[in-house]
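First comes the structure, then the notes that go with it.
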There are 4 protein chains.
Amino acid sequence: MIVVMAPGHTPVERQAVARHIESAGLRTQIMEGVERTIIGVVGDSHTKELLRQSLEAMPGVEGVVRILQPYKLVNREFHGGKDSIVWVRDVAIGGGRVVVMAGPCTVETREQTLQTARAVKAAGAQILRGGAFKPRTSPYSFQGLEEDGLKILAESRAETGLPLVTEAMDGHQLDLVLEYADMVQIGARNMQNYPLLREAGRSGHPVLLKRGPSATVEELLLAAEYIMAEGNPNVVLCERGIRTFETYTRYTLDITAVPVLKSLSHLPVVVDPCHGPGKSKLVIPMARAGVAAGADGLLVEVHPEPDHALCDGPQLLTLEAFALLMQELDGIALAVGRRV
Amino acid sequence: MIVVMAPGHTPVERQAVARHIESAGLRTQIMEGVERTIIGVVGDSHTKELLRQSLEAMPGVEGVVRILQPYKLVNREFHGGKDSIVWVRDVAIGGGRVVVMAGPCTVETREQTLQTARAVKAAGAQILRGGAFKPRTSPYSFQGLEEDGLKILAESRAETGLPLVTEAMDGHQLDLVLEYADMVQIGARNMQNYPLLREAGRSGHPVLLKRGPSATVEELLLAAEYIMAEGNPNVVLCERGIRTFETYTRYTLDITAVPVLKSLSHLPVVVDPCHGPGKSKLVIPMARAGVAAGADGLLVEVHPEPDHALCDGPQLLTLEAFALLMQELDGIALAVGRRV
Amino acid sequence: MIVVMAPGHTPVERQAVARHIESAGLRTQIMEGVERTIIGVVGDSHTKELLRQSLEAMPGVEGVVRILQPYKLVNREFHGGKDSIVWVRDVAIGGGRVVVMAGPCTVETREQTLQTARAVKAAGAQILRGGAFKPRTSPYSFQGLEEDGLKILAESRAETGLPLVTEAMDGHQLDLVLEYADMVQIGARNMQNYPLLREAGRSGHPVLLKRGPSATVEELLLAAEYIMAEGNPNVVLCERGIRTFETYTRYTLDITAVPVLKSLSHLPVVVDPCHGPGKSKLVIPMARAGVAAGADGLLVEVHPEPDHALCDGPQLLTLEAFALLMQELDGIALAVGRRV
Amino acid sequence: MIVVMAPGHTPVERQAVARHIESAGLRTQIMEGVERTIIGVVGDSHTKELLRQSLEAMPGVEGVVRILQPYKLVNREFHGGKDSIVWVRDVAIGGGRVVVMAGPCTVETREQTLQTARAVKAAGAQILRGGAFKPRTSPYSFQGLEEDGLKILAESRAETGLPLVTEAMDGHQLDLVLEYADMVQIGARNMQNYPLLREAGRSGHPVLLKRGPSATVEELLLAAEYIMAEGNPNVVLCERGIRTFETYTRYTLDITAVPVLKSLSHLPVVVDPCHGPGKSKLVIPMARAGVAAGADGLLVEVHPEPDHALCDGPQLLTLEAFALLMQELDGIALAVGRRV
């Protein structure tokens, strides 16, 4: 960490800054430049981080520059530079295979869910996804079948043998979800819901953590740090699109975040190519692009009849389109040294 | 609502769209243009909204255009075009006076909080604010004194007589907060935490709802609609800055949102000039700008010694700076026909 | 086009709107809904577009909704739904092959440029790129060798036989560039430099038009429309990253824009995977992702010694890394039915 | 400037970095931290800036951190911390008075322009603005009366005695504009049109430089630096709205940029409250907010009949609304220690 002193600061101000740093058990090193004096802060990074905001508020200080990333447990650097693998039952996310998690956006009926589950399994998906608790922008939209939906999902899991991932939005829902599912999804709107992150951390279960629409890569990693700090290393990161000025798509899928996250963290990274593009004809090229960029998996929404879906119809793939996509992905995966 | 048919759609596709609309009890009206055919949908707006996504997913449909705003209870149009007033004990937000809510960002000690509460009262603040549960980006940052903080705030409220607003992040914290405070704050990170919005709605207590950093004006109003839909009309909206590409400030304070929200909704609108600018020297001009743009109030963070604060030091006003600001605001408020 | 009348508008206001539309030779069709009355405007789309802003400003009007896209010549719909091919000498952009345009970011010396040109040709690039006029954010940065740089590029073209693309920033530079090069690049900062777009249009030469960092897809297409409106159909669109809140990368590469642009327009679309990511280790996955998403080509910056480059060193590929990338791209291209 | 070495870098890499710095005549200072080694670079800031990108590309380097701002001539720090005043004939921008520049968006007819000029003068405007060359997103929109428009503006200037500001988009237009006008406007789309900035710099005439919709504060200041580097100190900065995800307004007016720019630079700062909000009912509160935030002036578009305007009708003030606004601004200006 480096403290940049303002031009015209007084010797008294500089001494106060040095004393403030040293009283926390850290060392200082002065560097006098032509136009600025900077004070290097040497010592434990956690202590430095705690000092940062108070240093910024001291008289004579122009700013504080952080040299180290503020996350530890999710940091690739402190993990020997190796990839983590997260196991969801017998499925490994983060290894040589690209894991496709597929299923209905929303559980609507038993028949729709079972039919979809069978079809995605037949096409090669390895994990079943589906929503029972749905976060909806409007209070008047369909909010999901709740526990009844979980029961239908559990039946689909039992029949197909696919592990199940589904979303929870608070601690009460989390408890229910963990009774029925193998992995809990924390959605984009809840990426900084800290009580929920902590509870998911304490549960020890695999967590699929989606990037918030205005979250930086650093904020996503700090949200994952909340989960890992509770002792749960089973976190999978998911890029699903960020808010930008472009309105042709609902969110801008930040594909570059895939190699960025893989370089900063050891955690697996998957891509949701549905919510950002928001139109089914765009889902397929973006699924391909995600795998080409090095994603460890995909999260895909499928529906037997998208034009009868209760939620997000325009972005859902038909069962046939999904089967076709799975074939195409094989070629891409091979070209980047993996398999689907 | 209007359905735009794609160029080259078939008569069968058009009939299917019409039947889908009419089977929901709505009427259709065809308009054949030179390059597009559109189908107007006439009837109850709630039913139309429920149909929207399935219409978008139908073959032959290019898109669906919404004519009406999707929110009802917060909508100015359905409230006779008049402003609502939200009472927090004996303080009216949304009337002729600009209400300043001030206090510490975070409750650190009894002394700091009491001293700040006395000072903001003396300077003319009408509501006391302060954080006991703090949402922090890093799990390693100070997270607040929790219930001990609430007790200190309650003591400060008792001594000064100022009503109290403080934040809750989930249902458990909400129950605690409502034991001690007059108004609950739902923070920017939780603007779309739907279980929390519903619980705040069911409580009936005044709610200060902060705009999420990537929330559109429409999404903020729909979040308020969640609260009102539970029967609680006591919602105050708060603009506090949005995420943009500009990094000199932490968030870009969207001052235009003040007149926009006032024109779309009857709810009071206040401005937090601290979190966006992120530097105390910018807080004062932005507080002035908020009042000049027509805000019904301000939310200001004050600290006896910003350079010793545990949280957000760089953006905190000293007690003296706050007193000065209050004097300046008077002139601005008068110029726009109000008082502080 | 549809005019939405405000709630509570008067019959006189409605008649004035209708008269304003009809006096322009267009027809109106009224649709009375439950909560809004809308007026459909039928007739020539160009005339409608010219009326739009004045209609929006009329009393009693809540807003105007555009049904058709505002661009014509670049519109896929009015081009039989087929892809255009742009020929740069004997190289076809937009056909079955993915065209890689590669070369130095900036021409620094004759030796560096010739060495790079030979290497990219050997690795399979089909077009040579390189900058002689460089738009730099700071006036104190190296601004390019100007005409001397063009001469070096022309020599490299002569030796390798690769067609040449290079940037011009105003009419004077354009005249010079067209003496030496086969295709002119209009850079991101000049995407809405209308005098330059018109001159490039009048020249008839192939144009590589880069998306501005805050340009929507629609604005990019309208900029291309400026060129085509002057009678020049030889336009290639280039996605190179947009400004978002994420600062880990310089710009966010909007890969979804590739299938979006291909669906809206018949023009070829290429991707620049260098400027957005801004770091060479991210260039390779993003080049792959671009091809997987369906791009017709790539624009890649290569340098014999990136750590001695005068400009953008961190994002430049070495000659060896470029050769490797070309091999990897083959597999991706095959998986999406193309060749490099 | 500081070079952060990557974890695991070799002594040879560190020496190469040090040699690269020292061979440019700069000094190095090593600081060994617990988790990172950093190398301080001491010496002339211009030389440092030229080295930056090559250092970032060297093996063993994690990143380079800039301590100083990259602009010099526009920097408040190197101007004794004092405000500049820019004179446009006899009007001082940047002094005690808030200067209102008002007039038609676009010159349409002689009568409309003269009538508007008289009205804004009567209401207290000090400078006349109006567009003869209009940058329009679509090639099919009205592009301005060009030189005929300049003649009408010159006549209005002669009759009212108000100095005139109008836009030029390239060197040819600039020459024409300078024959007729007192100040040239460089519009948002041309903020990084470097040939134009240089020519405006060489002209020595006052320049009104509008912030580009995706330009950071730093980029705006570097664009102004281009003008000042040619020897022209007469630059006025203009905030007019940036591109964000919010679509209710056309651009988000970044009012915080006013105090930010005033703190970083000595140049005057004005606000255009029309283009961002895009609706006339929002223009008035935002004009007030701009003055309250400390702007040195405003740029306001006025039209006798907004619903008959050829361009941007929805955002234009009527002559009456403008007169009213001028009265309101007086109170705001007084409250912040200025006059209109």
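We name chains A, B, ... following the order of the structure tokens; residues begin at 1 in each chain, and ligands are numbered from 1 as shown.
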
Taking only C-alpha atoms into account, report as number ranges by chain which residues of chain A lie within 8 Å of chain B. A: 46, 50, 53-58, 70-71, 135, 137-141, 169-170, 189-190, 192-195, 213-214, 219, 222-223, 225-226, 229, 243, 306-315

C:Val120 surroundings by only C-alpha atoms, 10 Å radius, close-in-sequence under 3 positions cut, as a ChimeraX atom specification: /C:100-104,115-117,123-128,160,162,300-303,319-320,322-323,326

What would the file look like if the residues just selected were written as a compact mmCIF listing (two decimals), in the first residue's frame with N, CA, C and O atoms?
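Output saved as result.txt:
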```txt
# COMPACT_ATOMS: atom_id res chain seq x y z
N VAL C 100 -8.06 -12.93 -41.08
CA VAL C 100 -7.28 -12.32 -40.01
C VAL C 100 -6.45 -11.17 -40.58
O VAL C 100 -5.70 -11.35 -41.54
N MET C 101 -6.67 -9.98 -40.02
CA MET C 101 -5.89 -8.79 -40.38
C MET C 101 -4.91 -8.57 -39.24
O MET C 101 -5.33 -8.39 -38.10
N ALA C 102 -3.63 -8.60 -39.54
CA ALA C 102 -2.66 -8.53 -38.45
C ALA C 102 -1.49 -7.64 -38.84
O ALA C 102 -1.26 -7.37 -40.03
N GLY C 103 -0.79 -7.18 -37.82
CA GLY C 103 0.37 -6.34 -38.07
C GLY C 103 0.66 -5.50 -36.86
O GLY C 103 0.06 -5.68 -35.79
N PRO C 104 1.61 -4.56 -37.00
CA PRO C 104 1.99 -3.74 -35.86
C PRO C 104 0.87 -2.77 -35.48
O PRO C 104 0.16 -2.29 -36.34
N GLN C 115 9.55 -7.07 -40.62
CA GLN C 115 9.66 -8.35 -39.90
C GLN C 115 8.27 -8.85 -39.48
O GLN C 115 7.95 -10.02 -39.62
N THR C 116 7.48 -7.93 -38.97
CA THR C 116 6.13 -8.30 -38.53
C THR C 116 5.28 -8.73 -39.73
O THR C 116 4.55 -9.73 -39.66
N ALA C 117 5.36 -8.00 -40.81
CA ALA C 117 4.55 -8.32 -41.99
C ALA C 117 4.89 -9.71 -42.51
O ALA C 117 4.00 -10.51 -42.83
N ALA C 123 2.26 -16.88 -40.96
CA ALA C 123 1.35 -17.56 -40.04
C ALA C 123 -0.07 -17.69 -40.62
O ALA C 123 -0.91 -18.36 -40.04
N GLY C 124 -0.33 -17.00 -41.75
CA GLY C 124 -1.63 -17.19 -42.39
C GLY C 124 -2.54 -15.96 -42.40
O GLY C 124 -3.70 -16.07 -42.82
N ALA C 125 -2.05 -14.82 -41.93
CA ALA C 125 -2.89 -13.61 -42.01
C ALA C 125 -3.14 -13.27 -43.47
O ALA C 125 -2.30 -13.54 -44.33
N GLN C 126 -4.29 -12.66 -43.75
CA GLN C 126 -4.62 -12.36 -45.14
C GLN C 126 -4.54 -10.87 -45.45
O GLN C 126 -4.53 -10.47 -46.61
N ILE C 127 -4.58 -10.05 -44.41
CA ILE C 127 -4.50 -8.60 -44.63
C ILE C 127 -3.50 -8.04 -43.63
O ILE C 127 -3.42 -8.50 -42.49
N LEU C 128 -2.73 -7.03 -44.07
CA LEU C 128 -1.76 -6.38 -43.19
C LEU C 128 -2.38 -5.12 -42.60
O LEU C 128 -2.98 -4.32 -43.31
N THR C 160 5.11 -8.52 -49.25
CA THR C 160 4.34 -9.70 -48.83
C THR C 160 3.16 -10.00 -49.75
O THR C 160 2.61 -11.09 -49.71
N LEU C 162 0.31 -8.78 -49.22
CA LEU C 162 -0.92 -8.65 -48.42
C LEU C 162 -1.57 -7.28 -48.66
O LEU C 162 -0.88 -6.26 -48.64
N VAL C 300 -5.72 -8.11 -35.36
CA VAL C 300 -4.81 -8.47 -34.27
C VAL C 300 -3.50 -7.69 -34.37
O VAL C 300 -2.94 -7.54 -35.46
N GLU C 301 -3.03 -7.22 -33.21
CA GLU C 301 -1.80 -6.44 -33.19
C GLU C 301 -0.64 -7.31 -32.73
O GLU C 301 -0.72 -7.99 -31.70
N VAL C 302 0.45 -7.25 -33.48
CA VAL C 302 1.59 -8.14 -33.29
C VAL C 302 2.86 -7.29 -33.29
O VAL C 302 2.93 -6.27 -33.99
N HIS C 303 3.84 -7.69 -32.49
CA HIS C 303 5.09 -6.92 -32.42
C HIS C 303 6.23 -7.89 -32.12
O HIS C 303 6.06 -8.80 -31.31
N LEU C 319 5.40 -12.51 -32.16
CA LEU C 319 5.24 -13.23 -33.43
C LEU C 319 4.93 -14.70 -33.18
O LEU C 319 4.11 -15.31 -33.88
N GLU C 320 5.55 -15.26 -32.12
CA GLU C 320 5.34 -16.67 -31.82
C GLU C 320 3.92 -16.90 -31.32
O GLU C 320 3.24 -17.85 -31.73
N PHE C 322 1.33 -15.19 -31.96
CA PHE C 322 0.38 -15.04 -33.07
C PHE C 322 0.31 -16.31 -33.91
O PHE C 322 -0.78 -16.75 -34.30
N ALA C 323 1.47 -16.89 -34.18
CA ALA C 323 1.49 -18.11 -35.00
C ALA C 323 0.70 -19.22 -34.31
O ALA C 323 -0.08 -19.96 -34.94
N MET C 326 -3.08 -18.62 -34.57
CA MET C 326 -3.63 -18.97 -35.88
C MET C 326 -3.94 -20.46 -35.97
O MET C 326 -4.95 -20.86 -36.56
```

Run DSSP on the backbone of this structure and report the residues of stretch 78-242 of chain D it assigns to helix (DSSP H, G or I), as number ranges by chain. D: 78-79, 110-123, 147-160, 171-180, 188-190, 194-203, 217-229

Can you check which residues of stretch 110-221 of chain D DSSP gives as strand (DSSP E) on the backbone and send them as a ChimeraX atom specification? /D:127-129,164-167,183-186,207-210

Could the residues in this selection be saved with N, CA, C and O atoms as a PDB file, in the first residue's frame?
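Produced file selection-v5.pdb, reproduced below:
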```
ATOM      1  N   ILE D 127     -24.401  35.352 -23.749  1.00  0.00           N
ATOM      2  CA  ILE D 127     -23.786  34.870 -24.984  1.00  0.00           C
ATOM      3  C   ILE D 127     -24.875  34.184 -25.796  1.00  0.00           C
ATOM      4  O   ILE D 127     -25.759  33.526 -25.242  1.00  0.00           O
ATOM      5  N   LEU D 128     -24.800  34.342 -27.133  1.00  0.00           N
ATOM      6  CA  LEU D 128     -25.761  33.718 -28.033  1.00  0.00           C
ATOM      7  C   LEU D 128     -25.172  32.413 -28.559  1.00  0.00           C
ATOM      8  O   LEU D 128     -24.024  32.384 -28.992  1.00  0.00           O
ATOM      9  N   ARG D 129     -25.950  31.338 -28.485  1.00  0.00           N
ATOM     10  CA  ARG D 129     -25.496  30.086 -29.073  1.00  0.00           C
ATOM     11  C   ARG D 129     -26.485  29.678 -30.171  1.00  0.00           C
ATOM     12  O   ARG D 129     -27.639  30.132 -30.185  1.00  0.00           O
ATOM     13  N   LEU D 164     -21.038  35.367 -29.874  1.00  0.00           N
ATOM     14  CA  LEU D 164     -21.638  34.184 -30.497  1.00  0.00           C
ATOM     15  C   LEU D 164     -20.741  32.962 -30.361  1.00  0.00           C
ATOM     16  O   LEU D 164     -19.546  33.034 -30.626  1.00  0.00           O
ATOM     17  N   VAL D 165     -21.355  31.832 -29.964  1.00  0.00           N
ATOM     18  CA  VAL D 165     -20.642  30.546 -29.984  1.00  0.00           C
ATOM     19  C   VAL D 165     -21.407  29.574 -30.875  1.00  0.00           C
ATOM     20  O   VAL D 165     -22.632  29.494 -30.806  1.00  0.00           O
ATOM     21  N   THR D 166     -20.660  28.845 -31.712  1.00  0.00           N
ATOM     22  CA  THR D 166     -21.300  27.876 -32.609  1.00  0.00           C
ATOM     23  C   THR D 166     -20.307  26.766 -32.940  1.00  0.00           C
ATOM     24  O   THR D 166     -19.106  26.931 -32.765  1.00  0.00           O
ATOM     25  N   GLU D 167     -20.844  25.624 -33.377  1.00  0.00           N
ATOM     26  CA  GLU D 167     -20.029  24.410 -33.503  1.00  0.00           C
ATOM     27  C   GLU D 167     -19.373  24.250 -34.870  1.00  0.00           C
ATOM     28  O   GLU D 167     -19.933  24.612 -35.901  1.00  0.00           O
ATOM     29  N   MET D 183     -16.543  32.379 -30.530  1.00  0.00           N
ATOM     30  CA  MET D 183     -16.080  31.210 -29.789  1.00  0.00           C
ATOM     31  C   MET D 183     -16.539  29.995 -30.584  1.00  0.00           C
ATOM     32  O   MET D 183     -17.651  29.982 -31.106  1.00  0.00           O
ATOM     33  N   VAL D 184     -15.664  28.991 -30.666  1.00  0.00           N
ATOM     34  CA  VAL D 184     -16.061  27.804 -31.411  1.00  0.00           C
ATOM     35  C   VAL D 184     -16.398  26.689 -30.429  1.00  0.00           C
ATOM     36  O   VAL D 184     -15.719  26.505 -29.414  1.00  0.00           O
ATOM     37  N   GLN D 185     -17.456  25.961 -30.711  1.00  0.00           N
ATOM     38  CA  GLN D 185     -17.813  24.801 -29.902  1.00  0.00           C
ATOM     39  C   GLN D 185     -17.265  23.535 -30.555  1.00  0.00           C
ATOM     40  O   GLN D 185     -17.441  23.330 -31.756  1.00  0.00           O
ATOM     41  N   ILE D 186     -16.594  22.710 -29.750  1.00  0.00           N
ATOM     42  CA  ILE D 186     -16.238  21.362 -30.204  1.00  0.00           C
ATOM     43  C   ILE D 186     -17.186  20.421 -29.480  1.00  0.00           C
ATOM     44  O   ILE D 186     -17.217  20.369 -28.251  1.00  0.00           O
ATOM     45  N   VAL D 207     -12.551  28.428 -27.026  1.00  0.00           N
ATOM     46  CA  VAL D 207     -13.114  27.134 -27.405  1.00  0.00           C
ATOM     47  C   VAL D 207     -14.018  26.628 -26.280  1.00  0.00           C
ATOM     48  O   VAL D 207     -13.634  26.647 -25.113  1.00  0.00           O
ATOM     49  N   LEU D 208     -15.225  26.197 -26.662  1.00  0.00           N
ATOM     50  CA  LEU D 208     -16.136  25.538 -25.724  1.00  0.00           C
ATOM     51  C   LEU D 208     -16.031  24.046 -26.016  1.00  0.00           C
ATOM     52  O   LEU D 208     -16.475  23.586 -27.069  1.00  0.00           O
ATOM     53  N   LEU D 209     -15.441  23.299 -25.090  1.00  0.00           N
ATOM     54  CA  LEU D 209     -15.138  21.884 -25.338  1.00  0.00           C
ATOM     55  C   LEU D 209     -16.115  21.013 -24.552  1.00  0.00           C
ATOM     56  O   LEU D 209     -16.083  20.988 -23.321  1.00  0.00           O
ATOM     57  N   LYS D 210     -16.972  20.294 -25.266  1.00  0.00           N
ATOM     58  CA  LYS D 210     -17.973  19.460 -24.593  1.00  0.00           C
ATOM     59  C   LYS D 210     -17.410  18.070 -24.315  1.00  0.00           C
ATOM     60  O   LYS D 210     -16.701  17.499 -25.142  1.00  0.00           O
TER      61      LYS D 210
END
```

Distance query B:Gly131 at most 6 Å, only C-alpha atoms, self and fewer than 4 positions along chain excluded, as a PyMOL selection string: chain B and resi 105-107+166

Export of prior selection with C-alpha atoms as a tab-separated table (two decimals), in the first residue's frame:
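again16.tsv, written as the output of this step:
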```tsv
chain	number	residue	atom	x	y	z
B	105	CYS	CA	-22.03	6.44	8.82
B	106	THR	CA	-21.34	3.73	11.39
B	107	VAL	CA	-21.95	3.61	15.13
B	166	THR	CA	-31.08	2.66	10.31
```

Report the distance between atom CA of C:Thr109 and atom CA of C:Ile152 in Å, rounded to one decimal place. 7.9 Å

Shell around A:Val65 at 9 Å using only C-alpha atoms, local window under 2 positions removed, as a PyMOL selection string: (chain A and resi 1-4+52+63+67) or (chain D and resi 65+67)

Kindly give the distance, in Å, that separates atom CA of C:Ala158 and atom CA of C:Gly204, rounded to a single decimal.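 Distance between the two atoms: 22.3 Å.
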
Write out as number ranges by chain which residues come within 8 Å of stretch 256-260 of chain D when counting only C-alpha atoms, dropping same-chain ones fewer than 6 positions away. B: 252-253, 277, 282, 285-286; D: 217, 239, 269-271, 290, 293-295

Determine, counting only C-alpha atoms, which protein, DNA and RNA residues have an atom within 10 Å of an atom of C:Trp87; residues of the same chain fewer than 2 positions away are not included. Present the result as a PyMOL selection string. chain C and resi 84-85+89-95+182-183+205-206+234-236
